[in-house]
Amino acid sequence: MTQKNNKIRALAEGAIMIAAATVLGYFRIFRFPFGGSIDLALVPILVYCLRWGPRYSLMCCFVNGVLQYFLGGGIAISWQSMLLDYVVAYTLVFLCGFGSGKKLGWLWGTILGSFGRWVSLTLSGGLLWYMYMPETFLGLPMVNPWIYSMLLNGVLVLAVMAVNLAVLGIMQTVPALRRLVLARQITGEIQAGYD
């Protein structure tokens, strides 16, 4: 496969994965009372990152972040909130692409992408959403907005990450899915070297 065909394939696959993520975002598994929800919207994006690596994933994750805000009913208190809660947070999921082709890359890539998202959400919470901090959270008194933001977003990101890892783990255990869905695509050859 030529380099030009590889780029076209990456672009087309990215568009399909973004569309799938947008649709899956409408079907929430659980909605947290303090904001945020658990859904399967990140699964297609994580699969794309694992297939194409960080180079192609950056743009895919950026576009997904913008669409998550505008089409997914995003809530923001300012343009800074829109950037940190959606655009930057979802763009940092591209870090999952560094797990592409690596042993257990689906596992640590998802953890790395989720950590990037958590950092952006925590910054947003500490800088912009601090005025909504309750007096207690998880049975703990809240006096520092940064601690509250770390805990709140940690709960959200860990829950979403657990669901994503469960789905990717199932894909990993089925040989046909591992070979067809999670195969690395950067060179244009199918490389099913995931353990």
# chains A, B, ... in the order shown; residues from 1 in each chain; ligands from 1
call {"tool": "closest_atom_pairs", "arguments": {"of": "range 47-94 of chain A", "to": "range 99-119 of chain A", "cutoff": "6 Å", "atoms": "only C-alpha atoms", "output": "Markdown table"}}
result
| residue | atom | partner | partner_atom | distance |
| --- | --- | --- | --- | --- |
| A:Leu50 | CA | A:Ser100 | CA | 4.4 |
| A:Gly53 | CA | A:Ser100 | CA | 5.2 |
| A:Ala89 | CA | A:Arg117 | CA | 4.4 |
| A:Leu92 | CA | A:Gly116 | CA | 5.1 |
| A:Val93 | CA | A:Gly113 | CA | 4.1 |
call {"tool": "atom_distance", "arguments": {"atom1": "CA of Phe32 in chain A", "atom2": "CA of Val167 in chain A"}}
result
20.5 Å
call {"tool": "select_by_dssp", "arguments": {"residues": "chain A", "states": "strand (DSSP E)", "output": "PyMOL selection string"}}
result
chain A and resi 28-31+37-39+136-137+140-141
call {"tool": "residues_around", "arguments": {"residues": "Leu58 in chain A", "least_positions_apart": "5", "cutoff": "12 Å", "atoms": "only C-alpha atoms", "output": "VMD selection string"}}
result
chain A and resid 10 to 11 14 45 to 46 48 to 50 52 to 53 63 to 65 87 to 98 113
call {"tool": "closest_residue", "arguments": {"among": "A:Val47, A:Val160, A:Leu138, A:Cys60", "to": "Gly25 in chain A", "atoms": "only C-alpha atoms"}}
result
A:Val160
call {"tool": "closest_residue", "arguments": {"among": "A:Ala159, A:Ile170, A:Ile18, A:Leu127", "to": "Pro145 in chain A", "atoms": "only C-alpha atoms"}}
result
A:Leu127
call {"tool": "atom_distance", "arguments": {"atom1": "CA of Phe27 in chain A", "atom2": "CA of Tyr56 in chain A"}}
result
26.7 Å
call {"tool": "atom_distance", "arguments": {"atom1": "CA of Ala12 in chain A", "atom2": "CA of Leu42 in chain A"}}
result
17.7 Å
call {"tool": "closest_residue", "arguments": {"among": "A:Pro141, A:Pro44, A:Met131, A:Arg179", "to": "Ile16 in chain A", "atoms": "only C-alpha atoms"}}
result
A:Pro44
call {"tool": "select_by_dssp", "arguments": {"residues": "range 48-163 of chain A", "states": "alpha helix (DSSP H)", "output": "ChimeraX atom specification"}}
result
/A:48-71,79-82,89-91,105-127,145-163
call {"tool": "closest_residue", "arguments": {"among": "A:Gln172, A:Ser37, A:Gln68, A:Asn5", "to": "Ala19 in chain A", "atoms": "only C-alpha atoms"}}
result
A:Gln68
call {"tool": "closest_residue", "arguments": {"among": "A:Met161, A:Leu152, A:Leu40, A:Met82", "to": "Met133 in chain A", "atoms": "only C-alpha atoms"}}
result
A:Leu152
call {"tool": "closest_residue", "arguments": {"among": "A:Leu123, A:Leu24, A:Ile8, A:Val66", "to": "Asn153 in chain A", "atoms": "only C-alpha atoms"}}
result
A:Leu123
